[in-house]
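Trainee: What follows is the file start_18.txt, containing compact mmCIF, C-alpha atoms and all ligand atoms:
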```txt
# COMPACT_ATOMS: atom_id res chain seq x y z
CA MET A 1 71.74 -87.63 144.15
CA HIS A 2 68.59 -86.43 142.37
CA SER A 3 65.65 -85.10 144.43
CA PRO A 4 62.69 -84.56 142.14
CA THR A 5 60.48 -81.51 142.69
CA SER A 6 57.96 -81.91 139.87
CA VAL A 7 57.62 -85.24 138.09
CA LEU A 8 55.92 -85.80 134.75
CA VAL A 9 54.80 -89.44 134.73
CA THR A 10 53.61 -90.61 131.31
CA GLY A 11 51.25 -93.56 131.00
CA GLY A 12 50.43 -93.38 134.71
CA ALA A 13 46.97 -94.92 134.21
CA GLY A 14 48.47 -98.14 132.87
CA PHE A 15 49.64 -101.20 134.76
CA ILE A 16 53.13 -100.22 135.91
CA GLY A 17 52.53 -96.46 135.83
CA SER A 18 49.56 -96.68 138.19
CA ASN A 19 51.45 -98.95 140.59
CA PHE A 20 54.32 -96.43 140.49
CA LEU A 21 52.04 -93.47 141.28
CA LEU A 22 50.26 -95.39 144.06
CA HIS A 23 53.69 -96.10 145.53
CA MET A 24 55.21 -92.62 145.11
CA VAL A 25 52.46 -90.02 145.59
CA PRO A 26 51.69 -90.76 149.28
CA ARG A 27 55.38 -91.23 150.13
CA HIS A 28 56.52 -87.90 148.65
CA PRO A 29 53.97 -85.24 149.68
CA ASP A 30 56.42 -82.44 148.80
CA VAL A 31 56.86 -83.65 145.23
CA HIS A 32 54.32 -82.69 142.57
CA PHE A 33 53.25 -85.52 140.23
CA VAL A 34 51.62 -84.88 136.84
CA ASN A 35 50.19 -87.93 135.10
CA LEU A 36 49.92 -87.54 131.31
CA ASP A 37 47.92 -90.40 129.82
CA ALA A 38 46.02 -90.77 126.55
CA LEU A 39 43.64 -93.31 128.13
CA THR A 40 43.93 -95.91 125.40
CA TYR A 41 42.26 -99.27 126.08
CA ALA A 42 45.15 -99.91 128.54
CA GLY A 43 44.66 -96.73 130.57
CA ASN A 44 42.35 -97.18 133.55
CA LEU A 45 41.82 -94.24 135.91
CA THR A 46 39.98 -96.44 138.43
CA ASN A 47 43.42 -97.79 139.33
CA LEU A 48 44.21 -94.40 140.83
CA THR A 49 41.15 -93.65 142.98
CA ALA A 50 43.30 -93.87 146.15
CA ILE A 51 45.34 -90.83 145.08
CA GLU A 52 43.08 -88.95 142.66
CA ASP A 53 42.31 -86.22 145.23
CA ALA A 54 45.84 -85.94 146.63
CA ALA A 55 47.11 -82.35 146.67
CA ASN A 56 50.38 -83.38 145.01
CA TYR A 57 48.75 -85.30 142.12
CA HIS A 58 47.36 -83.92 138.87
CA PHE A 59 45.93 -85.84 135.90
CA VAL A 60 46.15 -84.62 132.29
CA HIS A 61 44.31 -86.42 129.49
CA GLY A 62 46.50 -86.25 126.40
CA SER A 63 49.11 -87.91 124.24
CA VAL A 64 52.88 -87.92 124.51
CA THR A 65 52.87 -87.37 120.75
CA ASP A 66 51.29 -83.91 121.19
CA ALA A 67 54.38 -81.66 121.15
CA GLU A 68 52.52 -78.47 122.07
CA LEU A 69 50.77 -80.05 125.03
CA VAL A 70 53.98 -81.64 126.30
CA ALA A 71 55.93 -78.36 126.04
CA ASP A 72 53.12 -76.55 127.88
CA LEU A 73 53.20 -79.13 130.68
CA PHE A 74 56.94 -78.67 131.15
CA ALA A 75 56.42 -74.92 131.51
CA GLU A 76 53.23 -74.98 133.57
CA HIS A 77 54.47 -77.56 136.07
CA ALA A 78 58.18 -76.70 136.06
CA VAL A 79 58.93 -80.34 135.34
CA SER A 80 62.28 -81.44 136.80
CA THR A 81 61.89 -85.16 136.19
CA VAL A 82 60.26 -87.38 133.59
CA VAL A 83 59.36 -91.00 134.26
CA HIS A 84 58.28 -92.27 130.88
CA PHE A 85 56.03 -95.34 130.92
CA ALA A 86 53.56 -94.45 128.15
CA ALA A 87 53.63 -97.05 125.43
CA GLU A 88 51.74 -99.55 123.41
CA SER A 89 52.93 -102.58 125.37
CA HIS A 90 51.39 -105.78 124.01
CA VAL A 91 53.45 -107.90 121.59
CA ASP A 92 50.40 -109.56 119.98
CA ARG A 93 48.82 -106.19 119.19
CA SER A 94 52.12 -105.02 117.66
CA ILE A 95 52.04 -108.00 115.32
CA MET A 96 48.52 -107.08 114.20
CA ALA A 97 48.99 -103.28 113.94
CA PRO A 98 52.60 -102.04 114.22
CA LEU A 99 52.14 -98.36 113.33
CA ALA A 100 50.56 -97.36 116.65
CA PHE A 101 53.74 -98.68 118.27
CA VAL A 102 55.97 -96.49 116.11
CA GLU A 103 53.75 -93.50 116.84
CA THR A 104 53.57 -93.76 120.63
CA ASN A 105 56.70 -95.67 121.56
CA THR A 106 59.18 -94.09 119.19
CA LYS A 107 57.76 -90.72 118.13
CA GLY A 108 56.21 -90.08 121.56
CA THR A 109 59.57 -90.61 123.23
CA VAL A 110 61.27 -88.16 120.86
CA VAL A 111 58.57 -85.55 121.53
CA LEU A 112 59.28 -85.85 125.28
CA LEU A 113 63.04 -85.68 124.71
CA GLU A 114 62.62 -82.53 122.64
CA ALA A 115 60.53 -80.89 125.34
CA ALA A 116 63.11 -81.78 128.00
CA ARG A 117 65.98 -80.52 125.83
CA ALA A 118 64.26 -77.16 125.37
CA ALA A 119 63.01 -76.73 128.95
CA TRP A 120 66.13 -77.85 130.80
CA ASP A 121 68.45 -75.30 129.18
CA ASP A 122 70.39 -74.69 132.42
CA ARG A 123 71.15 -78.41 132.83
CA ASP A 124 74.93 -78.03 132.49
CA ALA A 125 75.04 -75.71 135.50
CA HIS A 126 72.79 -78.00 137.60
CA PRO A 127 73.86 -81.63 137.10
CA ASP A 128 71.48 -83.05 139.73
CA ARG A 129 68.41 -80.94 139.00
CA TYR A 130 66.91 -82.89 136.08
CA ARG A 131 66.39 -86.51 135.07
CA PHE A 132 64.73 -88.18 132.09
CA PHE A 133 63.93 -91.76 133.11
CA HIS A 134 63.02 -94.03 130.22
CA VAL A 135 61.26 -97.26 131.21
CA SER A 136 62.21 -99.94 128.73
CA THR A 137 62.12 -103.68 128.34
CA ASP A 138 64.42 -106.69 128.13
CA GLU A 139 62.79 -107.55 124.78
CA VAL A 140 65.11 -105.07 123.02
CA PHE A 141 67.92 -107.62 123.48
CA GLY A 142 66.16 -110.28 121.40
CA SER A 143 65.91 -113.91 122.40
CA LEU A 144 68.26 -116.22 124.33
CA GLY A 145 68.94 -119.92 123.89
CA ASP A 146 68.94 -122.24 126.89
CA ASP A 147 71.94 -120.52 128.52
CA GLY A 148 73.14 -117.03 129.35
CA PHE A 149 71.59 -113.77 130.48
CA PHE A 150 70.91 -110.31 129.08
CA SER A 151 72.92 -107.53 130.70
CA GLU A 152 73.54 -103.82 130.11
CA THR A 153 76.19 -104.65 127.50
CA THR A 154 74.12 -107.11 125.43
CA PRO A 155 73.80 -105.88 121.82
CA TYR A 156 70.30 -104.87 120.73
CA ASP A 157 68.45 -107.42 118.59
CA PRO A 158 64.70 -106.64 118.71
CA ARG A 159 62.52 -109.15 116.89
CA SER A 160 58.88 -108.00 117.20
CA PRO A 161 57.35 -104.69 116.11
CA TYR A 162 56.86 -103.91 119.83
CA SER A 163 60.48 -104.53 120.77
CA ALA A 164 61.72 -102.76 117.62
CA SER A 165 59.75 -99.65 118.57
CA LYS A 166 61.08 -99.80 122.15
CA ALA A 167 64.65 -100.36 120.90
CA ALA A 168 64.31 -97.33 118.63
CA SER A 169 63.12 -95.25 121.59
CA ASP A 170 66.08 -96.42 123.69
CA HIS A 171 68.44 -95.38 120.90
CA PHE A 172 66.89 -91.91 120.79
CA VAL A 173 67.25 -91.54 124.56
CA ARG A 174 70.94 -92.50 124.33
CA ALA A 175 71.42 -90.15 121.37
CA TYR A 176 70.01 -87.23 123.36
CA ALA A 177 72.39 -88.01 126.22
CA HIS A 178 75.35 -88.13 123.85
CA THR A 179 74.46 -85.22 121.58
CA TYR A 180 72.73 -82.81 123.94
CA ASP A 181 74.00 -83.90 127.38
CA LEU A 182 70.46 -84.65 128.45
CA PRO A 183 70.59 -86.32 131.91
CA VAL A 184 68.94 -89.64 131.07
CA LEU A 185 68.51 -92.97 132.82
CA ILE A 186 67.23 -96.17 131.16
CA SER A 187 65.94 -99.36 132.73
CA ASN A 188 65.40 -102.60 130.83
CA CYS A 189 63.10 -104.80 132.87
CA SER A 190 61.83 -108.36 132.56
CA ASN A 191 58.15 -109.47 132.62
CA ASN A 192 56.09 -107.79 135.33
CA TYR A 193 53.02 -109.18 137.08
CA GLY A 194 50.74 -107.92 139.86
CA PRO A 195 47.62 -105.79 140.45
CA TYR A 196 46.01 -103.70 137.67
CA GLN A 197 47.56 -105.55 134.70
CA PHE A 198 45.32 -105.50 131.65
CA PRO A 199 43.92 -109.02 131.11
CA GLU A 200 45.45 -109.45 127.67
CA LYS A 201 48.77 -110.38 129.30
CA LEU A 202 49.38 -113.97 130.35
CA ILE A 203 48.89 -113.84 134.12
CA PRO A 204 45.70 -111.76 134.50
CA LEU A 205 44.19 -113.35 131.37
CA PHE A 206 44.69 -116.84 132.75
CA ILE A 207 43.36 -115.91 136.21
CA GLN A 208 40.27 -114.38 134.60
CA ASN A 209 39.68 -117.35 132.29
CA ALA A 210 40.21 -119.90 135.05
CA LEU A 211 37.81 -118.03 137.29
CA HIS A 212 35.10 -118.31 134.59
CA ARG A 213 36.16 -121.87 133.62
CA ARG A 214 37.10 -120.71 130.12
CA PRO A 215 39.98 -122.28 128.14
CA VAL A 216 43.46 -120.87 128.84
CA PRO A 217 45.32 -120.56 125.50
CA VAL A 218 48.96 -121.65 125.67
CA TYR A 219 50.94 -120.53 122.62
CA GLY A 220 52.89 -123.28 120.82
CA THR A 221 54.23 -125.92 123.18
CA GLY A 222 54.52 -123.68 126.25
CA GLU A 223 58.31 -124.19 126.30
CA ASN A 224 59.15 -120.47 126.12
CA VAL A 225 60.86 -119.00 129.15
CA ARG A 226 60.18 -115.66 130.85
CA ASP A 227 61.81 -114.02 133.89
CA TRP A 228 59.14 -112.67 136.27
CA LEU A 229 59.18 -109.65 138.59
CA HIS A 230 56.41 -108.35 140.85
CA VAL A 231 55.40 -104.87 139.69
CA ARG A 232 55.99 -103.33 143.14
CA ASP A 233 59.61 -104.48 142.98
CA HIS A 234 59.91 -102.85 139.56
CA CYS A 235 58.56 -99.61 141.09
CA THR A 236 61.09 -99.63 143.94
CA ALA A 237 63.85 -100.28 141.40
CA ILE A 238 62.77 -97.25 139.36
CA ALA A 239 62.62 -95.09 142.50
CA ARG A 240 66.11 -96.21 143.51
CA ILE A 241 67.63 -95.65 140.05
CA LEU A 242 65.99 -92.23 139.84
CA GLU A 243 67.47 -91.26 143.17
CA ALA A 244 71.00 -92.59 142.81
CA GLY A 245 71.55 -94.03 139.33
CA ARG A 246 74.53 -92.68 137.40
CA VAL A 247 73.46 -90.29 134.67
CA GLY A 248 73.56 -91.78 131.20
CA GLU A 249 73.55 -95.35 132.50
CA THR A 250 71.31 -98.29 131.74
CA TYR A 251 70.18 -100.65 134.50
CA CYS A 252 68.76 -104.12 133.88
CA VAL A 253 65.98 -105.07 136.32
CA SER A 254 64.69 -108.54 137.15
CA GLY A 255 63.63 -110.84 139.95
CA ASN A 256 65.80 -113.67 138.69
CA GLU A 257 62.71 -115.89 138.55
CA GLU A 258 62.89 -117.70 135.24
CA ARG A 259 60.12 -120.15 134.42
CA ARG A 260 59.06 -122.17 131.40
CA ASN A 261 55.58 -120.87 130.49
CA LEU A 262 53.99 -124.24 131.16
CA ASP A 263 55.56 -124.46 134.63
CA LEU A 264 54.42 -120.95 135.47
CA ILE A 265 50.91 -121.70 134.18
CA HIS A 266 50.67 -124.88 136.27
CA LEU A 267 51.73 -123.00 139.40
CA LEU A 268 49.33 -120.15 138.66
CA LEU A 269 46.34 -122.40 137.97
CA ASP A 270 47.04 -124.47 141.09
CA LEU A 271 47.07 -121.27 143.15
CA VAL A 272 43.72 -120.27 141.62
CA ASP A 273 42.21 -123.66 142.54
CA GLU A 274 43.61 -123.40 146.05
CA ALA A 275 42.24 -119.87 146.54
CA LEU A 276 38.80 -120.87 145.22
CA GLY A 277 38.73 -124.14 147.18
CA ARG A 278 38.44 -126.15 143.96
CA GLU A 279 39.54 -129.73 143.48
CA PRO A 280 43.31 -129.72 142.63
CA GLY A 281 43.82 -129.93 138.84
CA THR A 282 40.45 -128.35 137.95
CA SER A 283 41.99 -125.33 136.24
CA ARG A 284 44.85 -127.27 134.61
CA ALA A 285 42.13 -129.08 132.65
CA LEU A 286 41.38 -125.73 130.96
CA ILE A 287 44.81 -125.62 129.28
CA THR A 288 44.41 -125.48 125.50
CA PHE A 289 47.42 -125.43 123.18
CA VAL A 290 46.91 -122.91 120.37
CA LYS A 291 48.84 -121.66 117.34
CA ASP A 292 52.14 -120.06 118.33
CA ARG A 293 52.76 -116.29 118.34
CA PRO A 294 54.60 -115.40 115.08
CA GLY A 295 58.30 -114.85 115.80
CA HIS A 296 57.74 -115.87 119.45
CA ASP A 297 60.96 -115.11 121.39
CA TYR A 298 62.15 -118.28 123.08
CA ARG A 299 63.78 -117.10 126.29
CA TYR A 300 64.37 -113.92 128.28
CA ALA A 301 66.57 -113.84 131.38
CA ILE A 302 68.20 -110.83 132.99
CA ASP A 303 71.38 -110.42 135.01
CA ALA A 304 70.46 -107.59 137.41
CA SER A 305 73.76 -107.61 139.32
CA LYS A 306 74.69 -104.03 138.32
CA LEU A 307 71.54 -102.67 139.98
CA ARG A 308 72.12 -104.83 143.05
CA ASP A 309 75.83 -104.10 143.43
CA GLU A 310 75.79 -100.38 142.57
CA LEU A 311 72.51 -99.29 144.09
CA GLY A 312 71.76 -102.01 146.64
CA TRP A 313 68.32 -102.85 145.16
CA THR A 314 66.89 -106.32 145.70
CA PRO A 315 63.37 -107.61 145.00
CA THR A 316 61.14 -108.40 147.98
CA TYR A 317 58.81 -110.95 146.35
CA ASP A 318 59.83 -114.45 145.33
CA LEU A 319 57.69 -115.72 142.47
CA GLU A 320 55.40 -118.01 144.47
CA THR A 321 54.69 -115.38 147.14
CA GLY A 322 54.12 -112.72 144.49
CA LEU A 323 51.86 -114.96 142.39
CA ARG A 324 49.82 -115.98 145.42
CA ALA A 325 49.33 -112.31 146.36
CA THR A 326 48.41 -111.54 142.75
CA VAL A 327 45.82 -114.33 142.53
CA ASP A 328 44.34 -113.12 145.83
CA TRP A 329 44.23 -109.53 144.51
CA TYR A 330 42.37 -110.44 141.30
CA LEU A 331 39.93 -112.66 143.17
CA ALA A 332 39.27 -109.88 145.70
CA ASN A 333 38.92 -107.35 142.88
CA GLN A 334 36.66 -109.16 140.44
CA ASP A 335 34.73 -105.92 139.97
CA TRP A 336 37.93 -104.46 138.45
CA LEU A 337 38.17 -107.40 136.02
CA ASP A 338 34.44 -107.19 135.24
CA ALA A 339 34.67 -103.44 134.53
CA VAL A 340 37.52 -104.11 132.10
CA GLN A 341 35.58 -106.88 130.44
CA ASP A 342 32.36 -104.87 130.00
CA GLU A 343 34.44 -101.74 129.25
CA SER A 344 32.65 -99.64 131.89
CA TYR A 345 36.10 -98.57 133.20
CA ARG A 346 36.28 -96.34 130.15
CA ASP A 347 33.46 -94.12 131.49
CA TYR A 348 35.38 -93.16 134.61
CA TYR A 349 37.15 -90.18 133.06
CA GLU A 350 33.86 -88.59 131.94
CA GLN A 351 32.22 -89.31 135.29
CA GLN A 352 35.00 -87.98 137.51
CA TYR A 353 36.86 -85.39 135.49
CA SER A 354 34.45 -83.72 133.08
CA HIS A 355 33.13 -81.36 135.81
CA ARG A 356 36.54 -80.51 137.30
P1 LIG B 1 50.22 -100.65 129.77
O1 LIG B 1 49.87 -101.01 128.37
O2 LIG B 1 49.53 -101.32 130.90
O3 LIG B 1 50.01 -99.07 129.99
C1 LIG B 1 50.40 -98.12 129.04
C2 LIG B 1 49.81 -96.78 129.44
O4 LIG B 1 50.26 -95.80 128.49
C3 LIG B 1 48.28 -96.73 129.41
O5 LIG B 1 47.79 -96.04 130.52
C4 LIG B 1 47.96 -95.99 128.12
O6 LIG B 1 46.73 -95.29 128.18
C5 LIG B 1 49.14 -95.05 128.06
N1 LIG B 1 49.40 -94.56 126.69
C6 LIG B 1 49.43 -95.29 125.55
N2 LIG B 1 49.68 -94.48 124.51
C7 LIG B 1 49.84 -93.22 125.01
C8 LIG B 1 50.14 -91.97 124.44
N3 LIG B 1 50.31 -91.82 123.11
N4 LIG B 1 50.24 -90.89 125.25
C9 LIG B 1 50.07 -91.01 126.59
N5 LIG B 1 49.76 -92.19 127.18
C10 LIG B 1 49.65 -93.27 126.40
O7 LIG B 1 51.80 -100.82 129.87
P2 LIG B 1 52.69 -101.33 131.10
O8 LIG B 1 52.73 -102.80 131.10
O9 LIG B 1 52.30 -100.57 132.30
O10 LIG B 1 54.14 -100.83 130.60
C11 LIG B 1 54.61 -99.52 130.93
C12 LIG B 1 55.99 -99.33 130.35
O11 LIG B 1 56.88 -100.32 130.88
C13 LIG B 1 56.05 -99.52 128.83
O12 LIG B 1 56.93 -98.55 128.30
C14 LIG B 1 56.61 -100.91 128.63
O13 LIG B 1 57.34 -101.01 127.43
C15 LIG B 1 57.53 -101.03 129.84
N6 LIG B 1 57.74 -102.41 130.34
C16 LIG B 1 56.68 -103.21 130.62
C17 LIG B 1 56.91 -104.48 131.15
C18 LIG B 1 55.76 -105.41 131.49
O14 LIG B 1 56.00 -106.57 131.78
N7 LIG B 1 54.52 -104.96 131.48
C19 LIG B 1 58.22 -104.92 131.38
C20 LIG B 1 59.29 -104.06 131.07
C21 LIG B 1 59.03 -102.79 130.57
O1 LIG B 2 59.78 -108.92 128.93
C1 LIG B 2 59.10 -107.73 129.19
C2 LIG B 2 57.83 -107.69 128.36
O2 LIG B 2 56.93 -108.61 128.97
C3 LIG B 2 57.21 -106.30 128.28
O3 LIG B 2 58.08 -105.44 127.62
C4 LIG B 2 55.86 -106.35 127.54
O4 LIG B 2 55.26 -105.08 127.57
C5 LIG B 2 54.98 -107.36 128.24
O5 LIG B 2 53.76 -107.48 127.52
C6 LIG B 2 55.66 -108.72 128.35
O6 LIG B 2 55.78 -109.34 127.05
P1 LIG B 2 55.47 -110.90 126.81
O7 LIG B 2 55.11 -111.07 125.39
O8 LIG B 2 56.55 -111.75 127.37
O9 LIG B 2 54.18 -111.06 127.77
P2 LIG B 2 52.79 -111.83 127.58
O10 LIG B 2 52.08 -111.77 128.90
O11 LIG B 2 52.04 -111.36 126.38
O12 LIG B 2 53.24 -113.32 127.32
C7 LIG B 2 54.04 -114.03 128.24
C8 LIG B 2 54.37 -115.38 127.64
O13 LIG B 2 53.17 -116.17 127.59
C9 LIG B 2 54.88 -115.31 126.22
O14 LIG B 2 55.84 -116.34 126.01
C10 LIG B 2 53.64 -115.59 125.36
C11 LIG B 2 52.84 -116.53 126.24
N1 LIG B 2 51.37 -116.41 126.13
C12 LIG B 2 50.81 -115.17 126.25
C13 LIG B 2 49.45 -115.02 126.14
C14 LIG B 2 48.82 -113.64 126.25
C15 LIG B 2 50.59 -117.54 125.95
O15 LIG B 2 51.09 -118.67 125.88
N2 LIG B 2 49.22 -117.38 125.87
C16 LIG B 2 48.62 -116.17 125.93
O16 LIG B 2 47.37 -116.07 125.83
```
As structure tokens, please, write out the structure in this file.
Ligand code: NAD
Ligand code: DAU

Mentor:
Amino acid sequence: MHSPTSVLVTGGAGFIGSNFLLHMVPRHPDVHFVNLDALTYAGNLTNLTAIEDAANYHFVHGSVTDAELVADLFAEHAVSTVVHFAAESHVDRSIMAPLAFVETNTKGTVVLLEAARAAWDDRDAHPDRYRFFHVSTDEVFGSLGDDGFFSETTPYDPRSPYSASKAASDHFVRAYAHTYDLPVLISNCSNNYGPYQFPEKLIPLFIQNALHRRPVPVYGTGENVRDWLHVRDHCTAIARILEAGRVGETYCVSGNEERRNLDLIHLLLDLVDEALGREPGTSRALITFVKDRPGHDYRYAIDASKLRDELGWTPTYDLETGLRATVDWYLANQDWLDAVQDESYRDYYEQQYSHR
């Protein structure tokens, strides 16, 4: 059993990282949380206003690729636990500009591993004291046909620059476990949705466009299949694996909610119409088929039985309940969407932190 004392969370101003901190910081007042985030376009400190003044929370503006800064943080905060979210996370951006993905996702992970290797030099004597949790994706396994599932034993077969950079980072994490006995844990999770997701990803983009009656761009024929999990369920899975996962193991995480994109989009747009009191079918009329994503993976689906059977984790949201809650959240938080669109969210760091 691992009981963290001081947790370095990387990428905590992003979608999943901020949901994780909002979940963990109030529940663990005796644990110190340090959030290291470079505040790229995807980092949004307004996500964290509910905890920004908590005594057990500390924000650091910087990059996981900065080896000196990372080593200093390990020393200054006596880091016992890393939960590593920081990444370039959008497949389309990786197709346009792959090098940023190599830099942050691959090199940044190795910088963190090096810092942990140096700082945790008494790890052999204290097997439960330290954990390096690497948050990864199901995309490292490649693409499925109509049948079958990814599991922890599926061979790696990444097919986009994003998934290649994540696969490389997973390999480094495993290499550090094997070579240096670093106490690592890896999760490979399916597509997340929920509050605070940057509206370049399918679900928040389509909610935003439908709200403003703009076209919703479906890639190719919309036949591709994704397996959806509410972000809060991903966060409880990470917390559970961190607490009781077996060192060196990988855990696949999913809600077992596979949908063809077009089916998901129909459900989502119908929920938007319902929430806005629009005539049924209004938002479906916005569907526009556009050129396919190059190398678009056909299907992802995860078998999460290891996590369920070993650690007793199960998701709490079914897809329709989770999507309904998500639509309601974005409609109730249109100021959040507007601030992302007009980029005013980027001023928050200067406004709130420059005088601290
Ligand atoms: P996101 O793009 O919303 O957030 C990424 C965060 O990392 C941002 O706050 C950004 O500012 C920060 N960041 C980027 N480069 C950095 C750097 N060099 N140093 C420090 N911080 C940096 O991403 P997300 O969707 O929250 O994904 C988080 C992690 O979970 C990623 O590692 C991703 O691969 C993984 N993942 C995501 C999903 C999903 O569906 N979103 C599913 C499975 C796994
Ligand atoms: O599977 C986990 C992965 O899920 C994470 O590792 C990634 O960080 C995350 O971005 C997500 O990747 P996807 O590429 O599956 O997510 P995205 O929301 O970009 O696209 C979901 C599906 O919808 C995919 O088949 C492409 C399609 N799509 C997406 C967009 C943005 C469209 O048809 N139109 C769009 O405008």

Trainee: Which residue is closest to ligand LIG 2 (chain B)? Choose from A:His212, A:Arg324, A:Arg123, A:His90 and count all atoms listed in the file.

Mentor: A:His90

Trainee: May I ask for the distance between CA of Asp347 (chain A) and atom C3 of ligand LIG 1 (chain B), given in Å to one decimal place?

Mentor: 15.2 Å

Trainee: Find the residue from A:Val31, A:Leu39, A:Val111, A:Ala78 that sits nearest to ligand LIG 1 (chain B); use only C-alpha atoms and all ligand atoms when measuring.

Mentor: A:Leu39

Trainee: Quick one: distance from CA of Phe132 (chain A) to CA of Thr314 (chain A) in Å, one decimal?

Mentor: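 So the two atoms, CA of Phe132 (chain A) and CA of Thr314 (chain A), lie 22.8 Å apart.
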
Trainee: May I ask which of the residues A:Arg246, A:His77, A:Arg226, A:Arg27 is the closest one to ligand LIG 1 (chain B), counting all atoms listed in the file?

Mentor: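 Checking each candidate against ligand LIG 1 (chain B), we get A:Arg226 as the closest.
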
Trainee: Could you give me, as a PyMOL selection string, the residues within 10 Å of Val173 (chain A), counting all atoms listed in the file and dropping anything in the same chain fewer than 3 positions from it?

Mentor: chain A and resi 109-110+112-113+132-134+167-170+176-178+182-186+248

Trainee: For the residues selected in the previous step, produce a file with C-alpha atoms as a PDB file, keeping the file's coordinate frame.

Mentor:
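The resulting file, again_21.pdb, is reproduced below:
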```pdb
ATOM      1  CA  THR A 109      59.570 -90.610 123.230  1.00  0.00           C
ATOM      2  CA  VAL A 110      61.270 -88.160 120.860  1.00  0.00           C
ATOM      3  CA  LEU A 112      59.280 -85.850 125.280  1.00  0.00           C
ATOM      4  CA  LEU A 113      63.040 -85.680 124.710  1.00  0.00           C
ATOM      5  CA  PHE A 132      64.730 -88.180 132.090  1.00  0.00           C
ATOM      6  CA  PHE A 133      63.930 -91.760 133.110  1.00  0.00           C
ATOM      7  CA  HIS A 134      63.020 -94.030 130.220  1.00  0.00           C
ATOM      8  CA  ALA A 167      64.650-100.360 120.900  1.00  0.00           C
ATOM      9  CA  ALA A 168      64.310 -97.330 118.630  1.00  0.00           C
ATOM     10  CA  SER A 169      63.120 -95.250 121.590  1.00  0.00           C
ATOM     11  CA  ASP A 170      66.080 -96.420 123.690  1.00  0.00           C
ATOM     12  CA  TYR A 176      70.010 -87.230 123.360  1.00  0.00           C
ATOM     13  CA  ALA A 177      72.390 -88.010 126.220  1.00  0.00           C
ATOM     14  CA  HIS A 178      75.350 -88.130 123.850  1.00  0.00           C
ATOM     15  CA  LEU A 182      70.460 -84.650 128.450  1.00  0.00           C
ATOM     16  CA  PRO A 183      70.590 -86.320 131.910  1.00  0.00           C
ATOM     17  CA  VAL A 184      68.940 -89.640 131.070  1.00  0.00           C
ATOM     18  CA  LEU A 185      68.510 -92.970 132.820  1.00  0.00           C
ATOM     19  CA  ILE A 186      67.230 -96.170 131.160  1.00  0.00           C
ATOM     20  CA  GLY A 248      73.560 -91.780 131.200  1.00  0.00           C
TER      21      GLY A 248
END
```

Trainee: Find the residue from A:Leu262, A:Ala237, A:Val218, A:Leu269 that sits nearest to Arg308 (chain A); use all atoms listed in the file when measuring.

Mentor: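 Distance minimum relative to Arg308 (chain A) lands on A:Ala237.
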
Trainee: Using all atoms listed in the file, what table do you get, as a Markdown table, when you list each residue of chain A with an atom no more than 7 Å from ligand LIG 1 (chain B), its nearest pair of atoms, and their distance in Å rounded to one decimal, rows by chain then rising number?

Mentor:
```
| residue | atom | partner | partner_atom | distance |
| --- | --- | --- | --- | --- |
| A:Thr10 | CA | B:LIG1 | N5 | 5.9 |
| A:Gly11 | CA | B:LIG1 | O4 | 3.5 |
| A:Gly12 | CA | B:LIG1 | O5 | 5.6 |
| A:Ala13 | CA | B:LIG1 | O5 | 3.9 |
| A:Gly14 | CA | B:LIG1 | O5 | 3.2 |
| A:Phe15 | CA | B:LIG1 | O9 | 3.7 |
| A:Ile16 | CA | B:LIG1 | O9 | 3.7 |
| A:Gly17 | CA | B:LIG1 | O9 | 5.4 |
| A:Leu36 | CA | B:LIG1 | C9 | 5.9 |
| A:Asp37 | CA | B:LIG1 | N5 | 3.7 |
| A:Ala38 | CA | B:LIG1 | N5 | 4.0 |
| A:Leu39 | CA | B:LIG1 | O6 | 3.7 |
| A:Thr40 | CA | B:LIG1 | O6 | 4.0 |
| A:Tyr41 | CA | B:LIG1 | O6 | 6.3 |
| A:Ala42 | CA | B:LIG1 | C3 | 4.5 |
| A:Gly43 | CA | B:LIG1 | O5 | 3.2 |
| A:Asn44 | CA | B:LIG1 | O5 | 6.3 |
| A:Gly62 | CA | B:LIG1 | C9 | 6.0 |
| A:Ser63 | CA | B:LIG1 | N4 | 3.3 |
| A:Val64 | CA | B:LIG1 | N4 | 4.0 |
| A:Thr65 | CA | B:LIG1 | N3 | 5.7 |
| A:His84 | CA | B:LIG1 | O12 | 6.9 |
| A:Phe85 | CA | B:LIG1 | C12 | 4.0 |
| A:Ala86 | CA | B:LIG1 | O4 | 3.6 |
| A:Ala87 | CA | B:LIG1 | C6 | 4.6 |
| A:Glu88 | CA | B:LIG1 | C6 | 5.3 |
| A:Ser89 | CA | B:LIG1 | O1 | 4.6 |
| A:His90 | CA | B:LIG1 | O1 | 6.6 |
| A:Thr104 | CA | B:LIG1 | N3 | 4.5 |
| A:Gly108 | CA | B:LIG1 | N3 | 6.3 |
| A:Val135 | CA | B:LIG1 | O11 | 5.4 |
| A:Ser136 | CA | B:LIG1 | C21 | 4.6 |
| A:Thr137 | CA | B:LIG1 | C21 | 3.9 |
| A:Asp138 | CA | B:LIG1 | C20 | 6.5 |
| A:Lys166 | CA | B:LIG1 | O13 | 6.6 |
| A:Asn188 | CA | B:LIG1 | C20 | 6.3 |
| A:Cys189 | CA | B:LIG1 | C20 | 4.3 |
| A:Ser190 | CA | B:LIG1 | C19 | 5.1 |
| A:Asn191 | CA | B:LIG1 | O14 | 3.7 |
| A:Asn192 | CA | B:LIG1 | O14 | 3.8 |
| A:Tyr193 | CA | B:LIG1 | O14 | 6.6 |
| A:Gln197 | CA | B:LIG1 | O2 | 6.0 |
| A:Phe198 | CA | B:LIG1 | O2 | 6.0 |
```
